[in-house]
$ cat run.tsv   # TSV, C-alpha atoms
chain	number	residue	atom	x	y	z
C	27	MET	CA	-25.69	93.89	108.05
C	28	ASN	CA	-27.05	97.04	109.61
C	29	ARG	CA	-29.48	99.40	107.92
C	30	ARG	CA	-26.80	101.93	107.02
C	31	GLU	CA	-24.72	99.31	105.25
C	32	GLU	CA	-27.79	97.93	103.54
C	33	ILE	CA	-28.52	101.39	102.10
C	34	LEU	CA	-24.92	101.76	100.87
C	35	LEU	CA	-24.98	98.42	99.05
C	36	ALA	CA	-28.33	99.31	97.48
C	37	ALA	CA	-26.83	102.66	96.40
C	38	LEU	CA	-23.89	100.83	94.81
C	39	ASP	CA	-26.40	98.78	92.78
C	40	VAL	CA	-28.33	101.88	91.74
C	41	PHE	CA	-25.11	103.66	90.69
C	42	ALA	CA	-24.13	100.54	88.71
C	43	GLU	CA	-27.44	100.60	86.83
C	44	ARG	CA	-27.90	104.33	86.28
C	45	GLY	CA	-24.64	106.11	87.06
C	46	TYR	CA	-24.46	108.97	89.55
C	47	THR	CA	-26.32	111.45	87.34
C	48	GLY	CA	-29.23	109.08	86.73
C	49	ALA	CA	-29.44	107.75	90.29
C	50	SER	CA	-31.99	109.03	92.79
C	51	ILE	CA	-32.54	108.75	96.53
C	52	ALA	CA	-36.03	107.48	95.65
C	53	ALA	CA	-34.59	104.50	93.72
C	54	VAL	CA	-32.28	103.60	96.61
C	55	ALA	CA	-35.14	103.94	99.12
C	56	GLU	CA	-37.39	101.68	97.09
C	57	ARG	CA	-34.71	99.00	96.95
C	58	VAL	CA	-34.34	98.82	100.74
C	59	GLY	CA	-38.05	99.26	101.47
C	60	LEU	CA	-37.65	102.66	103.12
C	61	SER	CA	-39.19	106.05	102.41
C	62	GLN	CA	-36.97	108.76	100.92
C	63	GLN	CA	-37.05	110.41	104.35
C	64	GLY	CA	-35.84	107.14	105.83
C	65	VAL	CA	-32.76	107.13	103.56
C	66	LEU	CA	-32.17	110.85	104.10
C	67	HIS	CA	-32.08	110.17	107.83
C	68	TYR	CA	-28.87	108.17	107.26
C	69	PHE	CA	-27.47	110.10	104.29
C	70	PRO	CA	-28.64	113.69	103.91
C	71	SER	CA	-28.03	113.98	100.13
C	72	LYS	CA	-27.15	112.05	96.97
C	73	ASP	CA	-23.64	113.59	97.10
C	74	ARG	CA	-23.19	112.28	100.62
C	75	LEU	CA	-24.38	108.83	99.58
C	76	LEU	CA	-21.84	108.83	96.74
C	77	ALA	CA	-19.05	109.90	99.11
C	78	GLU	CA	-19.92	107.04	101.48
C	79	VAL	CA	-20.09	104.50	98.66
C	80	LEU	CA	-16.59	105.59	97.58
C	81	ARG	CA	-15.40	105.31	101.17
C	82	LEU	CA	-16.87	101.78	101.37
C	83	ARG	CA	-14.94	100.97	98.19
C	84	ASP	CA	-11.74	102.00	99.95
C	85	GLU	CA	-12.46	100.14	103.20
C	86	ARG	CA	-13.36	96.91	101.44
C	87	GLY	CA	-10.64	97.13	98.79
C	88	LEU	CA	-13.38	96.90	96.15
C	89	ASP	CA	-11.26	98.60	93.50
C	90	VAL	CA	-7.63	98.28	92.50
C	91	ILE	CA	-6.82	101.99	92.81
C	92	ALA	CA	-8.03	101.75	96.42
C	93	LEU	CA	-5.42	99.15	97.39
C	94	PRO	CA	-3.15	100.08	100.27
C	95	GLY	CA	0.22	101.60	99.49
C	96	ALA	CA	3.24	99.68	98.29
C	97	ASP	CA	4.03	98.08	101.62
C	98	GLY	CA	5.72	95.07	100.08
C	99	ARG	CA	2.66	92.85	99.99
C	100	ILE	CA	1.32	93.91	96.61
C	101	THR	CA	2.84	92.39	93.51
C	102	LEU	CA	1.86	92.54	89.85
C	103	ASP	CA	0.47	89.06	90.35
C	104	THR	CA	-1.82	90.37	93.12
C	105	VAL	CA	-3.11	92.98	90.67
C	106	ALA	CA	-3.65	90.30	87.99
C	107	SER	CA	-5.65	88.28	90.53
C	108	ILE	CA	-7.89	91.27	91.18
C	109	VAL	CA	-8.47	91.66	87.43
C	110	GLU	CA	-9.49	88.00	87.42
C	111	TRP	CA	-11.79	88.48	90.41
C	112	ASN	CA	-13.40	91.47	88.65
C	113	THR	CA	-14.86	89.18	85.99
C	114	GLU	CA	-17.07	87.74	88.75
C	115	ARG	CA	-18.44	91.04	90.02
C	116	ARG	CA	-19.77	92.93	87.08
C	117	GLY	CA	-21.90	95.32	89.17
C	118	ILE	CA	-18.91	96.66	91.11
C	119	VAL	CA	-16.85	97.06	87.93
C	120	GLN	CA	-19.73	98.75	86.13
C	121	SER	CA	-20.42	101.20	88.93
C	122	PHE	CA	-16.80	102.32	89.21
C	123	THR	CA	-16.32	102.53	85.44
C	124	VAL	CA	-19.31	104.86	85.16
C	125	LEU	CA	-18.62	106.84	88.34
C	126	ALA	CA	-14.98	107.45	87.41
C	127	ALA	CA	-15.92	108.63	83.89
C	128	GLU	CA	-18.75	110.83	85.18
C	129	SER	CA	-16.34	112.42	87.66
C	130	VAL	CA	-14.69	114.35	84.80
C	131	LEU	CA	-17.94	116.25	84.25
C	132	GLU	CA	-18.18	119.89	85.34
C	133	GLY	CA	-18.66	120.25	89.10
C	134	HIS	CA	-18.96	116.51	89.81
C	135	PRO	CA	-18.81	115.79	93.56
C	136	ALA	CA	-16.30	112.92	93.15
C	137	ALA	CA	-13.77	114.70	90.92
C	138	ALA	CA	-11.30	115.40	93.74
C	139	PHE	CA	-11.70	111.87	95.07
C	140	PHE	CA	-10.78	110.22	91.77
C	141	ARG	CA	-8.02	112.72	90.95
C	142	GLU	CA	-6.32	112.12	94.29
C	143	ARG	CA	-6.88	108.40	94.27
C	144	TYR	CA	-5.39	107.91	90.80
C	145	GLY	CA	-2.48	110.16	91.74
C	146	SER	CA	-1.57	108.13	94.81
C	147	ALA	CA	-2.26	104.86	92.99
C	148	ARG	CA	0.23	105.81	90.26
C	149	GLY	CA	2.75	106.50	93.02
C	150	TRP	CA	2.53	103.11	94.74
C	151	MET	CA	2.19	101.24	91.45
C	152	ALA	CA	5.47	102.74	90.19
C	153	GLU	CA	7.13	101.34	93.34
C	154	VAL	CA	5.56	97.91	92.82
C	155	VAL	CA	6.86	97.88	89.24
C	156	ARG	CA	10.33	99.04	90.30
C	157	ALA	CA	10.57	96.44	93.09
C	158	GLU	CA	9.63	93.68	90.70
C	159	LEU	CA	11.11	94.66	87.34
C	160	GLY	CA	13.81	97.21	88.13
C	161	ASP	CA	14.33	100.69	86.71
C	162	ALA	CA	14.61	99.85	83.03
C	163	LEU	CA	11.69	98.14	81.36
C	164	PRO	CA	11.60	97.01	77.70
C	165	GLY	CA	11.66	99.81	75.12
C	166	GLY	CA	13.29	102.21	77.60
C	167	VAL	CA	10.02	102.58	79.53
C	168	THR	CA	10.30	103.68	83.17
C	169	PRO	CA	8.27	102.46	86.20
C	170	GLU	CA	6.73	105.97	86.35
C	171	GLN	CA	5.41	105.45	82.81
C	172	ALA	CA	4.36	101.85	83.43
C	173	ALA	CA	2.18	102.84	86.42
C	174	PRO	CA	-0.35	105.03	84.57
C	175	LEU	CA	-0.29	102.53	81.68
C	176	LEU	CA	-1.23	99.71	84.08
C	177	PHE	CA	-4.26	101.61	85.35
C	178	ALA	CA	-5.16	102.67	81.82
C	179	VAL	CA	-5.08	99.05	80.65
C	180	MET	CA	-7.26	97.93	83.58
C	181	ASP	CA	-9.82	100.71	83.10
C	182	GLY	CA	-9.89	100.47	79.33
C	183	LEU	CA	-10.27	96.69	79.34
C	184	GLN	CA	-13.13	96.99	81.83
C	185	LEU	CA	-15.01	99.23	79.42
C	186	GLN	CA	-14.53	96.83	76.49
C	187	TRP	CA	-15.40	93.83	78.70
C	188	LEU	CA	-18.59	95.47	80.01
C	189	LEU	CA	-19.66	96.07	76.40
C	190	ALA	CA	-18.66	92.62	75.10
C	191	PRO	CA	-17.95	90.12	77.91
C	192	ASP	CA	-17.84	87.20	75.46
C	193	GLU	CA	-15.19	88.82	73.27
C	194	ILE	CA	-12.87	90.27	75.91
C	195	ASP	CA	-10.83	87.96	78.16
C	196	MET	CA	-9.77	90.60	80.69
C	197	PRO	CA	-7.42	88.42	82.79
C	198	ALA	CA	-5.61	87.03	79.72
C	199	LEU	CA	-5.25	90.49	78.15
C	200	PHE	CA	-4.00	91.99	81.41
C	201	ARG	CA	-1.40	89.21	81.67
C	202	ALA	CA	-0.42	89.88	78.06
C	203	PHE	CA	0.28	93.48	79.07
C	204	LEU	CA	2.39	92.25	82.03
C	205	ALA	CA	4.34	90.13	79.53
C	206	LEU	CA	5.03	93.27	77.46
C	207	LEU	CA	6.41	94.87	80.63
C	208	GLY	CA	8.80	91.93	80.89
C	209	ALA	CA	7.09	90.23	83.83
C	210	ALA	CA	7.19	86.44	83.77
C	211	ARG	CA	4.02	85.13	82.20
C	212	PRO	CA	2.37	82.70	84.62
C	213	ALA	CA	0.56	79.70	83.21
C	214	GLY	CA	-3.13	80.14	82.53
H	9	MET	CA	-22.77	125.94	59.15
H	10	ASN	CA	-26.45	125.10	58.86
H	11	ARG	CA	-28.88	125.04	61.76
H	12	ARG	CA	-28.89	121.26	62.01
H	13	GLU	CA	-25.12	121.12	62.32
H	14	GLU	CA	-25.15	123.97	64.81
H	15	ILE	CA	-27.52	121.99	67.02
H	16	LEU	CA	-25.32	118.88	66.78
H	17	LEU	CA	-22.20	120.76	67.83
H	18	ALA	CA	-24.10	122.35	70.73
H	19	ALA	CA	-25.30	118.87	71.75
H	20	LEU	CA	-21.72	117.61	71.70
H	21	ASP	CA	-20.82	120.42	74.13
H	22	VAL	CA	-23.75	119.63	76.38
H	23	PHE	CA	-22.87	115.90	76.42
H	24	ALA	CA	-19.26	116.86	77.25
H	25	GLU	CA	-20.42	118.89	80.24
H	26	ARG	CA	-23.22	116.70	81.59
H	27	GLY	CA	-23.00	113.29	79.95
H	28	TYR	CA	-25.96	111.77	78.16
H	29	THR	CA	-27.97	111.10	81.34
H	30	GLY	CA	-27.62	114.67	82.58
H	31	ALA	CA	-28.13	116.34	79.20
H	32	SER	CA	-31.46	117.83	78.16
H	33	ILE	CA	-33.01	119.12	74.95
H	34	ALA	CA	-33.66	122.35	76.87
H	35	ALA	CA	-29.94	122.89	77.51
H	36	VAL	CA	-29.10	122.31	73.84
H	37	ALA	CA	-31.92	124.64	72.76
H	38	GLU	CA	-30.70	127.40	75.07
H	39	ARG	CA	-27.21	127.16	73.62
H	40	VAL	CA	-28.35	127.69	70.04
H	41	GLY	CA	-31.02	130.27	70.89
H	42	LEU	CA	-33.94	128.05	69.89
H	43	SER	CA	-37.00	126.85	71.76
H	44	GLN	CA	-37.18	123.18	72.73
H	45	GLN	CA	-39.78	122.79	69.98
H	46	GLY	CA	-37.27	124.31	67.57
H	47	VAL	CA	-34.68	121.65	68.41
H	48	LEU	CA	-37.30	118.87	68.38
H	49	HIS	CA	-38.19	119.94	64.85
H	50	TYR	CA	-34.73	118.78	63.74
H	51	PHE	CA	-34.22	115.92	66.23
H	52	PRO	CA	-37.38	114.37	67.67
H	53	SER	CA	-35.76	113.04	70.91
H	54	LYS	CA	-32.63	113.07	73.07
H	55	ASP	CA	-31.86	109.52	71.88
H	56	ARG	CA	-32.03	110.69	68.28
H	57	LEU	CA	-29.74	113.62	69.07
H	58	LEU	CA	-27.22	111.23	70.63
H	59	ALA	CA	-27.39	108.92	67.60
H	60	GLU	CA	-26.69	111.85	65.26
H	61	VAL	CA	-23.81	113.12	67.41
H	62	LEU	CA	-22.25	109.65	67.23
H	63	ARG	CA	-22.78	109.61	63.46
H	64	LEU	CA	-21.08	113.03	63.22
H	65	ARG	CA	-18.18	111.56	65.18
H	66	ASP	CA	-17.85	108.84	62.54
H	67	GLU	CA	-18.16	111.18	59.56
H	68	ARG	CA	-15.59	113.63	60.90
H	69	GLY	CA	-13.20	111.00	62.27
H	70	LEU	CA	-13.54	112.68	65.67
H	71	ASP	CA	-12.55	109.54	67.55
H	72	VAL	CA	-9.93	106.87	66.99
H	73	ILE	CA	-12.35	103.95	67.09
H	74	ALA	CA	-14.24	105.65	64.25
H	75	LEU	CA	-11.25	105.57	61.88
H	76	PRO	CA	-11.80	103.82	58.56
H	77	GLY	CA	-10.72	100.20	58.24
H	78	ALA	CA	-7.17	99.01	57.77
H	79	ASP	CA	-6.84	100.11	54.17
H	80	GLY	CA	-3.09	100.54	54.41
H	81	ARG	CA	-3.13	104.22	55.22
H	82	ILE	CA	-3.36	103.91	59.00
H	83	THR	CA	-0.18	103.21	60.93
H	84	LEU	CA	0.59	103.17	64.64
H	85	ASP	CA	2.17	106.55	64.08
H	86	THR	CA	-1.14	107.90	62.71
H	87	VAL	CA	-2.80	106.70	65.91
H	88	ALA	CA	-0.10	108.34	68.04
H	89	SER	CA	-0.73	111.62	66.16
H	90	ILE	CA	-4.41	111.42	67.00
H	91	VAL	CA	-3.56	110.92	70.68
H	92	GLU	CA	-1.43	114.05	70.41
H	93	TRP	CA	-4.23	115.97	68.68
H	94	ASN	CA	-6.63	114.89	71.45
H	95	THR	CA	-4.73	116.97	74.01
H	96	GLU	CA	-5.96	120.04	72.12
H	97	ARG	CA	-9.66	119.12	72.09
H	98	ARG	CA	-10.63	118.33	75.63
H	99	GLY	CA	-14.38	118.71	75.00
H	100	ILE	CA	-14.46	115.99	72.34
H	101	VAL	CA	-12.38	113.64	74.48
H	102	GLN	CA	-14.52	114.33	77.54
H	103	SER	CA	-17.80	113.74	75.73
H	104	PHE	CA	-16.71	110.40	74.25
H	105	THR	CA	-15.14	109.23	77.53
H	106	VAL	CA	-18.40	109.86	79.38
H	107	LEU	CA	-20.70	108.63	76.59
H	108	ALA	CA	-18.76	105.38	76.14
H	109	ALA	CA	-18.79	104.67	79.90
H	110	GLU	CA	-22.48	105.55	80.23
H	111	SER	CA	-23.27	103.20	77.34
H	112	VAL	CA	-22.66	100.20	79.65
H	113	LEU	CA	-25.66	101.23	81.75
H	114	GLU	CA	-28.88	99.24	81.53
H	115	GLY	CA	-30.87	100.07	78.39
H	116	HIS	CA	-28.57	102.85	77.17
H	117	PRO	CA	-29.39	103.89	73.58
H	118	ALA	CA	-25.73	103.86	72.48
H	119	ALA	CA	-24.79	100.41	73.85
H	120	ALA	CA	-25.04	98.66	70.46
H	121	PHE	CA	-23.18	101.51	68.75
H	122	PHE	CA	-20.16	101.29	71.07
H	123	ARG	CA	-20.17	97.47	71.21
H	124	GLU	CA	-20.07	97.21	67.42
H	125	ARG	CA	-17.65	100.04	66.96
H	126	TYR	CA	-15.10	98.64	69.45
H	127	GLY	CA	-15.51	95.21	67.87
H	128	SER	CA	-14.71	96.42	64.37
H	129	ALA	CA	-11.97	98.73	65.67
H	130	ARG	CA	-10.23	95.79	67.35
H	131	GLY	CA	-10.41	93.98	64.02
H	132	TRP	CA	-8.73	96.64	61.91
H	133	MET	CA	-6.24	97.53	64.65
H	134	ALA	CA	-5.03	93.92	64.80
H	135	GLU	CA	-4.31	94.18	61.05
H	136	VAL	CA	-2.46	97.48	61.51
H	137	VAL	CA	-0.32	95.88	64.23
H	138	ARG	CA	0.34	92.76	62.15
H	139	ALA	CA	1.30	94.79	59.06
H	140	GLU	CA	3.73	96.86	61.07
H	141	LEU	CA	5.14	94.52	63.72
H	142	GLY	CA	4.45	91.02	62.44
H	143	ASP	CA	2.75	88.10	64.14
H	144	ALA	CA	4.95	87.76	67.20
H	145	LEU	CA	5.22	90.72	69.53
H	146	PRO	CA	7.43	90.86	72.64
H	147	GLY	CA	6.43	88.51	75.47
H	148	GLY	CA	4.60	86.20	73.07
H	149	VAL	CA	1.76	88.72	72.64
H	150	THR	CA	-0.31	88.46	69.45
H	151	PRO	CA	-1.73	91.29	67.27
H	152	GLU	CA	-5.22	90.17	68.39
H	153	GLN	CA	-4.20	90.85	72.00
H	154	ALA	CA	-2.36	94.08	71.18
H	155	ALA	CA	-5.47	95.58	69.51
H	156	PRO	CA	-7.77	95.68	72.58
H	157	LEU	CA	-4.78	96.74	74.69
H	158	LEU	CA	-4.15	99.71	72.37
H	159	PHE	CA	-7.73	100.94	72.74
H	160	ALA	CA	-7.63	100.26	76.48
H	161	VAL	CA	-4.47	102.35	76.83
H	162	MET	CA	-6.00	105.21	74.83
H	163	ASP	CA	-9.28	105.20	76.76
H	164	GLY	CA	-7.68	104.71	80.17
H	165	LEU	CA	-5.10	107.46	79.60
H	166	GLN	CA	-7.90	109.83	78.53
H	167	LEU	CA	-9.65	109.30	81.85
H	168	GLN	CA	-6.47	109.98	83.86
H	169	TRP	CA	-5.62	112.98	81.67
H	170	LEU	CA	-9.10	114.50	82.01
H	171	LEU	CA	-8.74	114.23	85.81
H	172	ALA	CA	-5.14	115.51	85.95
H	173	PRO	CA	-3.98	117.13	82.69
H	174	ASP	CA	-0.83	118.50	84.34
H	175	GLU	CA	0.30	115.09	85.56
H	176	ILE	CA	-0.50	112.93	82.54
H	177	ASP	CA	1.46	113.36	79.30
H	178	MET	CA	-0.88	111.32	77.08
H	179	PRO	CA	1.20	111.39	73.88
H	180	ALA	CA	4.42	110.41	75.68
H	181	LEU	CA	2.69	107.61	77.59
H	182	PHE	CA	1.02	106.30	74.44
H	183	ARG	CA	4.39	106.24	72.67
H	184	ALA	CA	5.87	104.42	75.69
H	185	PHE	CA	3.21	101.75	75.16
H	186	LEU	CA	4.14	101.54	71.45
H	187	ALA	CA	7.75	101.03	72.55
H	188	LEU	CA	6.62	98.09	74.74
H	189	LEU	CA	5.00	96.60	71.64
H	190	GLY	CA	8.36	96.82	69.92
H	191	ALA	CA	7.53	99.73	67.63
H	192	ALA	CA	10.40	102.11	66.94
H	193	ARG	CA	10.21	105.01	69.35
H	194	PRO	CA	10.15	108.25	67.35
H	195	ALA	CA	11.90	111.29	68.78
H	196	GLY	CA	9.78	113.67	70.84

$ encode --input "run.tsv" --output "structure tokens"
Amino acid sequence: MNRREEILLAALDVFAERGYTGASIAAVAERVGLSQQGVLHYFPSKDRLLAEVLRLRDERGLDVIALPGADGRITLDTVASIVEWNTERRGIVQSFTVLAAESVLEGHPAAAFFRERYGSARGWMAEVVRAELGDALPGGVTPEQAAPLLFAVMDGLQLQWLLAPDEIDMPALFRAFLALLGAARPAG
Amino acid sequence: MNRREEILLAALDVFAERGYTGASIAAVAERVGLSQQGVLHYFPSKDRLLAEVLRLRDERGLDVIALPGADGRITLDTVASIVEWNTERRGIVQSFTVLAAESVLEGHPAAAFFRERYGSARGWMAEVVRAELGDALPGGVTPEQAAPLLFAVMDGLQLQWLLAPDEIDMPALFRAFLALLGAARPAG
């Protein structure tokens, strides 16, 4: 791992603990044993650091809304597996839950990023739903309605799980939602 | 409106714009034309101000998870009406979206508040679902699973709506989710 990457992963941790608003270059610098100037040499501002953390999230597929488009490889079961995987990486889930919510604040540097990313994610998710379940879901619901609901369920369950991990079984609840959509309910 | 209440409503605005982390007593004071000392006379700290804003939210029924218990008056249609009402009060929705997400951060003063409130909300919501739709929902889903999903859908849709109000029809999407649960789908 090079120094640049090391700083980004430290920044992800700091965002997970304090959010974007509460994070500081100083806290990131301390974590990697650099001076603030040392961090600023790689990333000239906190905004820039946030932008690069979000880009890392895309490159590494760290978040569901960053998955590649509906190229035929993604299924609802893939998405359920990611929800399951998320229970083992609380820091990542926590950082994106807080960063996404903070992005609705006035003048937040990641507002455009999240707006665009959710928009495109709803687009490919509607195609995933249509390919798997057809045009007519139970209750007269359409794939274009199911797509934002799927992301809402994932995000909303993450919040409840972060607050009460012993009470909220995220993977089971996500699969319960898939069952409501009419998807076959896999064992487990 | 007395001075105390005026300060609380100003604080709600400041939390909506900056979140808890980014908010300051100074910003609240400026908004009500008081000195910081003036605000601190009523509320001795930012934590205390947050606690009182959350209590106001409970007293006024400003948020769905603050609704009174399942005493027979709440129905899924009541909840859908609140989702509809929320589209007309963006500031309230924005402040609670950000405050709830921030509460998962290390040592946040509202963590216990949100953890307990979601816990009790899931309890009464399961009873509302059971009273209205019975024990067996489509896909083998139980009322105890439907309850956290309902709050997840509400919270997750709020985030997407705050980011893209022109793309996300919250009330229609919430009613689509009710249709998946097997609730009758009212016109509109």

$ interface_residues --input "run.tsv" --of "chain H" --to "chain C" --cutoff "8 Å" --atoms "only C-alpha atoms" --output "PyMOL selection string"
chain H and resi 24-27+29-30+102+105-106+108-110+112-114+119+122-123+126+146-149+153+156-157+159-165+167-168+170-172+181+184-185+187-190+193

$ atom_distance --input "run.tsv" --atom1 "CA of Ser53 in chain H" --atom2 "CA of Asp71 in chain H"
23.7 Å

$ atom_distance --input "run.tsv" --atom1 "CA of Glu13 in chain H" --atom2 "CA of Ala59 in chain H"
13.5 Å

$ residues_near_point --input "run.tsv" --point "(-27.8, 122.0, 63.9)" --cutoff "12 Å" --atoms "only C-alpha atoms" --output "ChimeraX atom specification"
/H:9-20,36-37,39-42,46-51,57,60-61,64

$ closest_residue --input "run.tsv" --among "C:Pro191, C:Ala157, C:Arg116, C:Val40" --to "Glu56 in chain C" --atoms "all atoms listed in the file"
C:Val40

$ atom_distance --input "run.tsv" --atom1 "CA of Val90 in chain C" --atom2 "CA of Arg143 in chain C"
10.3 Å

$ closest_residue --input "run.tsv" --among "H:Arg56, H:Asp143, H:Arg138, H:Pro179" --to "Thr95 in chain H" --atoms "only C-alpha atoms"
H:Pro179

$ decode --input "run.tsv" --residues "range 135-146 of chain C" --atoms "N, CA, C and O atoms" --output "PDB file, in the first residue's frame"
ATOM      1  N   PRO C 135     -19.953  19.427  -0.167  1.00  0.00           N
ATOM      2  CA  PRO C 135     -19.188  19.152  -1.385  1.00  0.00           C
ATOM      3  C   PRO C 135     -19.553  17.839  -2.083  1.00  0.00           C
ATOM      4  O   PRO C 135     -19.213  17.664  -3.252  1.00  0.00           O
ATOM      5  N   ALA C 136     -20.251  16.919  -1.401  1.00  0.00           N
ATOM      6  CA  ALA C 136     -20.575  15.640  -2.044  1.00  0.00           C
ATOM      7  C   ALA C 136     -22.026  15.548  -2.508  1.00  0.00           C
ATOM      8  O   ALA C 136     -22.469  14.488  -2.946  1.00  0.00           O
ATOM      9  N   ALA C 137     -22.768  16.654  -2.447  1.00  0.00           N
ATOM     10  CA  ALA C 137     -24.187  16.610  -2.825  1.00  0.00           C
ATOM     11  C   ALA C 137     -24.370  16.109  -4.260  1.00  0.00           C
ATOM     12  O   ALA C 137     -25.162  15.200  -4.521  1.00  0.00           O
ATOM     13  N   ALA C 138     -23.624  16.684  -5.200  1.00  0.00           N
ATOM     14  CA  ALA C 138     -23.774  16.294  -6.607  1.00  0.00           C
ATOM     15  C   ALA C 138     -23.396  14.831  -6.796  1.00  0.00           C
ATOM     16  O   ALA C 138     -24.073  14.088  -7.521  1.00  0.00           O
ATOM     17  N   PHE C 139     -22.325  14.412  -6.115  1.00  0.00           N
ATOM     18  CA  PHE C 139     -21.891  13.020  -6.215  1.00  0.00           C
ATOM     19  C   PHE C 139     -23.015  12.061  -5.836  1.00  0.00           C
ATOM     20  O   PHE C 139     -23.353  11.147  -6.580  1.00  0.00           O
ATOM     21  N   PHE C 140     -23.609  12.276  -4.652  1.00  0.00           N
ATOM     22  CA  PHE C 140     -24.651  11.345  -4.202  1.00  0.00           C
ATOM     23  C   PHE C 140     -25.916  11.462  -5.057  1.00  0.00           C
ATOM     24  O   PHE C 140     -26.555  10.466  -5.347  1.00  0.00           O
ATOM     25  N   ARG C 141     -26.275  12.679  -5.445  1.00  0.00           N
ATOM     26  CA  ARG C 141     -27.471  12.839  -6.282  1.00  0.00           C
ATOM     27  C   ARG C 141     -27.322  12.051  -7.583  1.00  0.00           C
ATOM     28  O   ARG C 141     -28.196  11.296  -7.986  1.00  0.00           O
ATOM     29  N   GLU C 142     -26.174  12.224  -8.232  1.00  0.00           N
ATOM     30  CA  GLU C 142     -25.957  11.522  -9.508  1.00  0.00           C
ATOM     31  C   GLU C 142     -25.848  10.017  -9.310  1.00  0.00           C
ATOM     32  O   GLU C 142     -26.369   9.238 -10.106  1.00  0.00           O
ATOM     33  N   ARG C 143     -25.147   9.632  -8.263  1.00  0.00           N
ATOM     34  CA  ARG C 143     -24.940   8.210  -8.050  1.00  0.00           C
ATOM     35  C   ARG C 143     -26.246   7.483  -7.758  1.00  0.00           C
ATOM     36  O   ARG C 143     -26.504   6.408  -8.282  1.00  0.00           O
ATOM     37  N   TYR C 144     -27.104   8.067  -6.906  1.00  0.00           N
ATOM     38  CA  TYR C 144     -28.402   7.437  -6.650  1.00  0.00           C
ATOM     39  C   TYR C 144     -29.253   7.419  -7.922  1.00  0.00           C
ATOM     40  O   TYR C 144     -29.946   6.458  -8.195  1.00  0.00           O
ATOM     41  N   GLY C 145     -29.185   8.495  -8.691  1.00  0.00           N
ATOM     42  CA  GLY C 145     -29.966   8.548  -9.931  1.00  0.00           C
ATOM     43  C   GLY C 145     -29.580   7.419 -10.868  1.00  0.00           C
ATOM     44  O   GLY C 145     -30.435   6.687 -11.369  1.00  0.00           O
ATOM     45  N   SER C 146     -28.281   7.230 -11.101  1.00  0.00           N
ATOM     46  CA  SER C 146     -27.878   6.166 -12.022  1.00  0.00           C
ATOM     47  C   SER C 146     -28.127   4.797 -11.398  1.00  0.00           C
ATOM     48  O   SER C 146     -28.514   3.855 -12.092  1.00  0.00           O
TER      49      SER C 146
END
